[in-house]
Amino acid sequence: MASARPRTYAEAREVSTTNFELAWWVFMRVSGLILVFLVFGHLWVNNILVDPADIDYAYVVNRLAQPGVRIYNTFLLFFAMLHGVNGLRYSIEDYTKRASRRFWYKVILYTVSAIIFVLGTMTLWAFTYEEMGAAVRAIGVTP
Amino acid sequence: MEPIEINVKIKRFNPEADSRPYWSDYTLQARPSDRVLDVMHHIKWEVDGSLAFRRSCAHGICGSDAMLINGVNRLACKVLVKDLGNRIVIEPLRGLEVKKDLIVDMDSFFDSFKAVLPFLINDDAPPPAERLQSPEERARFDETTKCILCAACTTSCPVFWTNGSYIGPAAIVNAHRFIFDSRDKGTAQRIDVLNAGNGLWRCRTAYNCTEACPRDIPVTQAIEEVRRAMLFRGA
């Protein structure tokens, strides 16, 4: 998006075809606000409502077995990843001079984030935690 | 006021002769009420004629002598020696190619300015007299009419320093001047330019531009107003 260098009105028109940057700008403001509530809600539940000393494997397994917690954490993952990745994209576009380097930095960023996003979603949705807890206990590993 | 001894350090560079920039040091007498431009005239006329810098009106209107003085972008003709102390460090504006000493290549700066179509666009048949405007409508864009195109704002912008293709605060200020003019009809065309990848969405609200403006234009606020206009208009 940022590699062209429009210097005249006609060139600028050619570059400007979408409202992509406008949409991201709005998303950053909205998601930032949502994240404040999601993050502090998470901290409040796990540090104030529940004594951190009581958090053990059983507690985590029970929590992640509830659909509400999974949905909450999915939102947290979704907004935090998109907000953070877009912030990094801004930094790369602002501070990397060479177009080729800028391209590869973004390729690496998007690949790593996609992996984290998939792993996070799998952690939340791909397992039934009741069965997992039983399986771990059956092979005798102390969680 | 009695003259005092001051030390002036100027970053020099002649791309045709030097491999890299170097500093020239001058120790001279100046009155605290002298402007930095007076000091530079003294150096150029009586000490070292090879020093190169731009200046035209010398009264803070033409915008020719913007430079980095003691770390801040300002006009040499608007800052007094007494406000800087007896050590003055002068560098060319950042982010633009140095032609010689304090003279930078302003072409890309003016290209961005031209890209936002900084003139009245209105194809309606002209009325018999002027296109009328109420005092309130005129006040809406009063601040941004004050721009003198000195480039102090654009060259203080961290996004512009590294990625010189950012359109820059000065161009956005001049777009604001017409977007909020009740007589102008060219908003859609200007928004096309500003909505591009290198347009105003790259602004990170660092506020450097507002601090650098020698005309006290609230530059960051103007950028936010243009953003809102684009947002609620659905660009």
# chains A, B, ... in the order shown; residues from 1 in each chain; ligands from 1
>>> interface_residues(of="chain B", to="chain A", cutoff="7 Å", atoms="only C-alpha atoms", output="ChimeraX atom specification")
/B:111-112,114-116,159,162-163,165,192-193,195-198,201
>>> residues_around(residues="Pro15 of chain B", least_positions_apart="2", cutoff="9 Å", atoms="only C-alpha atoms", output="tab-separated table (two decimals) with N, CA and C atoms, in the first residue's frame")
chain	number	residue	atom	x	y	z
B	13	PHE	N	27.34	21.11	4.68
B	13	PHE	CA	27.49	19.99	3.75
B	13	PHE	C	27.38	20.52	2.32
B	17	ALA	N	31.42	18.59	-2.89
B	17	ALA	CA	32.81	18.59	-2.41
B	17	ALA	C	33.03	17.69	-1.19
B	18	ASP	N	32.01	17.54	-0.33
B	18	ASP	CA	32.21	16.80	0.93
B	18	ASP	C	31.64	15.40	0.84
B	19	SER	N	32.31	14.46	1.51
B	19	SER	CA	31.76	13.11	1.53
B	19	SER	C	30.72	12.99	2.64
B	20	ARG	N	30.80	13.80	3.64
B	20	ARG	CA	29.81	13.76	4.72
B	20	ARG	C	29.68	15.13	5.36
B	21	PRO	N	28.56	15.36	6.07
B	21	PRO	CA	28.38	16.67	6.71
B	21	PRO	C	29.42	16.92	7.81
B	98	VAL	N	19.70	17.55	1.49
B	98	VAL	CA	20.46	18.80	1.61
B	98	VAL	C	21.11	19.14	0.28
B	99	LYS	N	20.84	20.36	-0.20
B	99	LYS	CA	21.47	20.83	-1.44
B	99	LYS	C	22.82	21.46	-1.12
B	100	LYS	N	22.82	22.33	-0.12
B	100	LYS	CA	24.07	22.88	0.40
B	100	LYS	C	23.80	23.48	1.77
>>> closest_residue(among="B:Val72, B:Val226, B:Ile88, B:Leu102", to="Thr210 of chain B", atoms="only C-alpha atoms")
B:Val72
>>> atom_distance(atom1="atom CA of Ile223 of chain B", atom2="atom CA of Thr154 of chain B")
12.4 Å
>>> select_by_dssp(residues="segment 66-163 of chain B", states="strand (DSSP E or B)", output="list in words")
Ala66, Met67, Leu68, Ile69, Val72, Asn73, Arg74, Leu75, Leu80, Arg87, Ile88, Val89, Ile90, Glu91, Val98, Lys99, Lys100, Ile103 and Val104 of chain B
>>> residues_around(residues="segment 120-122 of chain A", least_positions_apart="2", cutoff="12 Å", atoms="only C-alpha atoms", output="count of residues only")
22
>>> select_by_dssp(residues="segment 89-185 of chain B", states="helix (DSSP H, G or I)", output="CSV table (one decimal) with C-alpha atoms, in the first residue's frame")
chain,number,residue,atom,x,y,z
B,107,ASP,CA,10.5,19.7,-4.4
B,108,SER,CA,8.8,16.7,-2.7
B,109,PHE,CA,7.3,19.1,-0.1
B,110,PHE,CA,5.7,21.2,-2.7
B,111,ASP,CA,4.6,18.2,-4.8
B,112,SER,CA,2.6,17.0,-1.8
B,113,PHE,CA,1.2,20.5,-1.4
B,114,LYS,CA,0.1,20.6,-5.1
B,115,ALA,CA,-1.4,17.1,-4.8
B,135,PRO,CA,-18.1,35.6,9.1
B,136,GLU,CA,-18.8,32.3,10.9
B,137,GLU,CA,-18.2,30.3,7.7
B,138,ARG,CA,-14.9,32.3,7.2
B,139,ALA,CA,-13.9,31.6,10.8
B,143,GLU,CA,-6.4,29.0,11.4
B,144,THR,CA,-5.3,27.0,8.4
B,145,THR,CA,-5.2,30.2,6.2
B,146,LYS,CA,-2.1,31.2,8.2
B,154,THR,CA,6.3,18.4,7.8
B,155,THR,CA,10.0,18.1,8.6
B,156,SER,CA,9.4,17.7,12.3
B,158,PRO,CA,8.7,11.4,12.6
B,159,VAL,CA,6.7,9.5,10.0
B,160,PHE,CA,8.0,11.9,7.3
B,161,TRP,CA,11.6,11.5,8.4
B,162,THR,CA,11.9,7.8,7.7
B,169,PRO,CA,1.0,17.9,7.9
B,170,ALA,CA,1.5,21.0,5.7
B,171,ALA,CA,-0.4,19.5,2.8
B,172,ILE,CA,-3.2,18.4,5.1
B,173,VAL,CA,-3.4,21.9,6.6
B,174,ASN,CA,-3.8,23.3,3.1
B,175,ALA,CA,-6.4,20.7,2.3
B,176,HIS,CA,-8.2,21.7,5.5
B,177,ARG,CA,-8.2,25.4,4.4
B,178,PHE,CA,-10.4,24.4,1.3
B,179,ILE,CA,-12.3,21.4,2.7
>>> closest_residue(among="A:Phe79, A:Val61, A:Val45, A:Arg101", to="Leu33 of chain A", atoms="only C-alpha atoms")
A:Phe79
>>> residues_around(residues="Ser24 of chain B", least_positions_apart="2", cutoff="8 Å", atoms="only C-alpha atoms", output="JSON, numbers by chain")
{"B": [9, 10, 11, 12, 22, 26]}
>>> residues_around(residues="Leu120 of chain B", least_positions_apart="4", cutoff="9 Å", atoms="only C-alpha atoms", output="list in words")
Phe178, Asp181, Arg183, Asp184, Lys185 and Gly186 of chain B
>>> atom_distance(atom1="atom CA of Leu80 of chain B", atom2="atom CA of Ala222 of chain B")
28.6 Å
>>> residues_around(residues="Asn70 of chain B", least_positions_apart="4", cutoff="8 Å", atoms="only C-alpha atoms", output="PyMOL selection string")
chain B and resi 84+88-90
>>> decode(residues="segment 57-136 of chain A", atoms="C-alpha atoms", output="mmCIF file, in the first residue's frame")
data_model
loop_
_atom_site.group_PDB
_atom_site.id
_atom_site.type_symbol
_atom_site.label_atom_id
_atom_site.label_comp_id
_atom_site.auth_asym_id
_atom_site.auth_seq_id
_atom_site.Cartn_x
_atom_site.Cartn_y
_atom_site.Cartn_z
ATOM 1 C CA TYR A 57 -4.921 -27.197 36.568
ATOM 2 C CA ALA A 58 -8.393 -28.216 37.684
ATOM 3 C CA TYR A 59 -9.528 -24.603 37.894
ATOM 4 C CA VAL A 60 -8.252 -23.821 34.369
ATOM 5 C CA VAL A 61 -9.807 -26.966 32.915
ATOM 6 C CA ASN A 62 -13.158 -26.179 34.538
ATOM 7 C CA ARG A 63 -13.059 -22.610 33.363
ATOM 8 C CA LEU A 64 -12.202 -23.491 29.772
ATOM 9 C CA ALA A 65 -15.008 -26.071 29.770
ATOM 10 C CA GLN A 66 -17.545 -23.213 29.967
ATOM 11 C CA PRO A 67 -18.688 -21.862 26.586
ATOM 12 C CA GLY A 68 -18.995 -18.310 27.992
ATOM 13 C CA VAL A 69 -15.318 -18.259 28.982
ATOM 14 C CA ARG A 70 -14.356 -19.620 25.589
ATOM 15 C CA ILE A 71 -16.312 -16.941 23.774
ATOM 16 C CA TYR A 72 -14.853 -14.230 26.031
ATOM 17 C CA ASN A 73 -11.317 -15.477 25.401
ATOM 18 C CA THR A 74 -11.952 -15.771 21.673
ATOM 19 C CA PHE A 75 -12.889 -12.096 21.581
ATOM 20 C CA LEU A 76 -9.816 -11.262 23.628
ATOM 21 C CA LEU A 77 -7.614 -13.214 21.222
ATOM 22 C CA PHE A 78 -9.272 -11.747 18.124
ATOM 23 C CA PHE A 79 -9.108 -8.096 19.157
ATOM 24 C CA ALA A 80 -5.672 -8.281 20.774
ATOM 25 C CA MET A 81 -4.141 -10.006 17.748
ATOM 26 C CA LEU A 82 -5.682 -7.735 15.123
ATOM 27 C CA HIS A 83 -4.996 -4.588 17.127
ATOM 28 C CA GLY A 84 -1.418 -5.593 17.867
ATOM 29 C CA VAL A 85 -0.606 -6.841 14.374
ATOM 30 C CA ASN A 86 -1.984 -3.711 12.769
ATOM 31 C CA GLY A 87 0.054 -1.589 15.184
ATOM 32 C CA LEU A 88 3.169 -3.499 14.143
ATOM 33 C CA ARG A 89 2.234 -3.043 10.494
ATOM 34 C CA TYR A 90 2.037 0.730 11.114
ATOM 35 C CA SER A 91 5.501 0.668 12.679
ATOM 36 C CA ILE A 92 6.969 -1.346 9.808
ATOM 37 C CA GLU A 93 5.469 0.965 7.198
ATOM 38 C CA ASP A 94 6.569 4.072 9.060
ATOM 39 C CA TYR A 95 10.100 3.051 9.912
ATOM 40 C CA THR A 96 11.289 0.685 7.173
ATOM 41 C CA LYS A 97 12.686 2.610 4.262
ATOM 42 C CA ARG A 98 13.367 -0.085 1.686
ATOM 43 C CA ALA A 99 10.294 -1.451 -0.036
ATOM 44 C CA SER A 100 11.687 -5.001 -0.322
ATOM 45 C CA ARG A 101 12.544 -5.134 3.368
ATOM 46 C CA ARG A 102 9.156 -3.702 4.255
ATOM 47 C CA PHE A 103 7.501 -6.467 2.226
ATOM 48 C CA TRP A 104 9.432 -9.290 3.924
ATOM 49 C CA TYR A 105 8.952 -7.896 7.424
ATOM 50 C CA LYS A 106 5.226 -7.901 6.760
ATOM 51 C CA VAL A 107 5.310 -11.438 5.383
ATOM 52 C CA ILE A 108 7.047 -12.621 8.576
ATOM 53 C CA LEU A 109 4.662 -10.639 10.779
ATOM 54 C CA TYR A 110 1.543 -12.014 9.101
ATOM 55 C CA THR A 111 2.842 -15.597 9.111
ATOM 56 C CA VAL A 112 3.780 -15.569 12.791
ATOM 57 C CA SER A 113 0.496 -13.919 13.757
ATOM 58 C CA ALA A 114 -1.544 -16.393 11.725
ATOM 59 C CA ILE A 115 0.178 -19.275 13.524
ATOM 60 C CA ILE A 116 -0.452 -17.708 16.934
ATOM 61 C CA PHE A 117 -4.059 -17.022 16.008
ATOM 62 C CA VAL A 118 -4.667 -20.607 14.881
ATOM 63 C CA LEU A 119 -2.919 -22.078 17.944
ATOM 64 C CA GLY A 120 -4.935 -19.794 20.237
ATOM 65 C CA THR A 121 -8.227 -20.701 18.613
ATOM 66 C CA MET A 122 -7.357 -24.411 18.766
ATOM 67 C CA THR A 123 -6.471 -24.131 22.441
ATOM 68 C CA LEU A 124 -9.870 -22.628 23.112
ATOM 69 C CA TRP A 125 -12.110 -24.777 20.906
ATOM 70 C CA ALA A 126 -10.425 -27.981 19.715
ATOM 71 C CA PHE A 127 -10.335 -29.843 23.015
ATOM 72 C CA THR A 128 -12.854 -31.017 25.562
ATOM 73 C CA TYR A 129 -11.149 -30.115 28.766
ATOM 74 C CA GLU A 130 -12.981 -32.660 30.900
ATOM 75 C CA GLU A 131 -11.543 -35.485 28.809
ATOM 76 C CA MET A 132 -8.115 -33.907 28.751
ATOM 77 C CA GLY A 133 -7.997 -33.649 32.530
ATOM 78 C CA ALA A 134 -8.977 -37.338 32.808
ATOM 79 C CA ALA A 135 -6.401 -38.382 30.182
ATOM 80 C CA VAL A 136 -3.588 -36.515 31.924
#
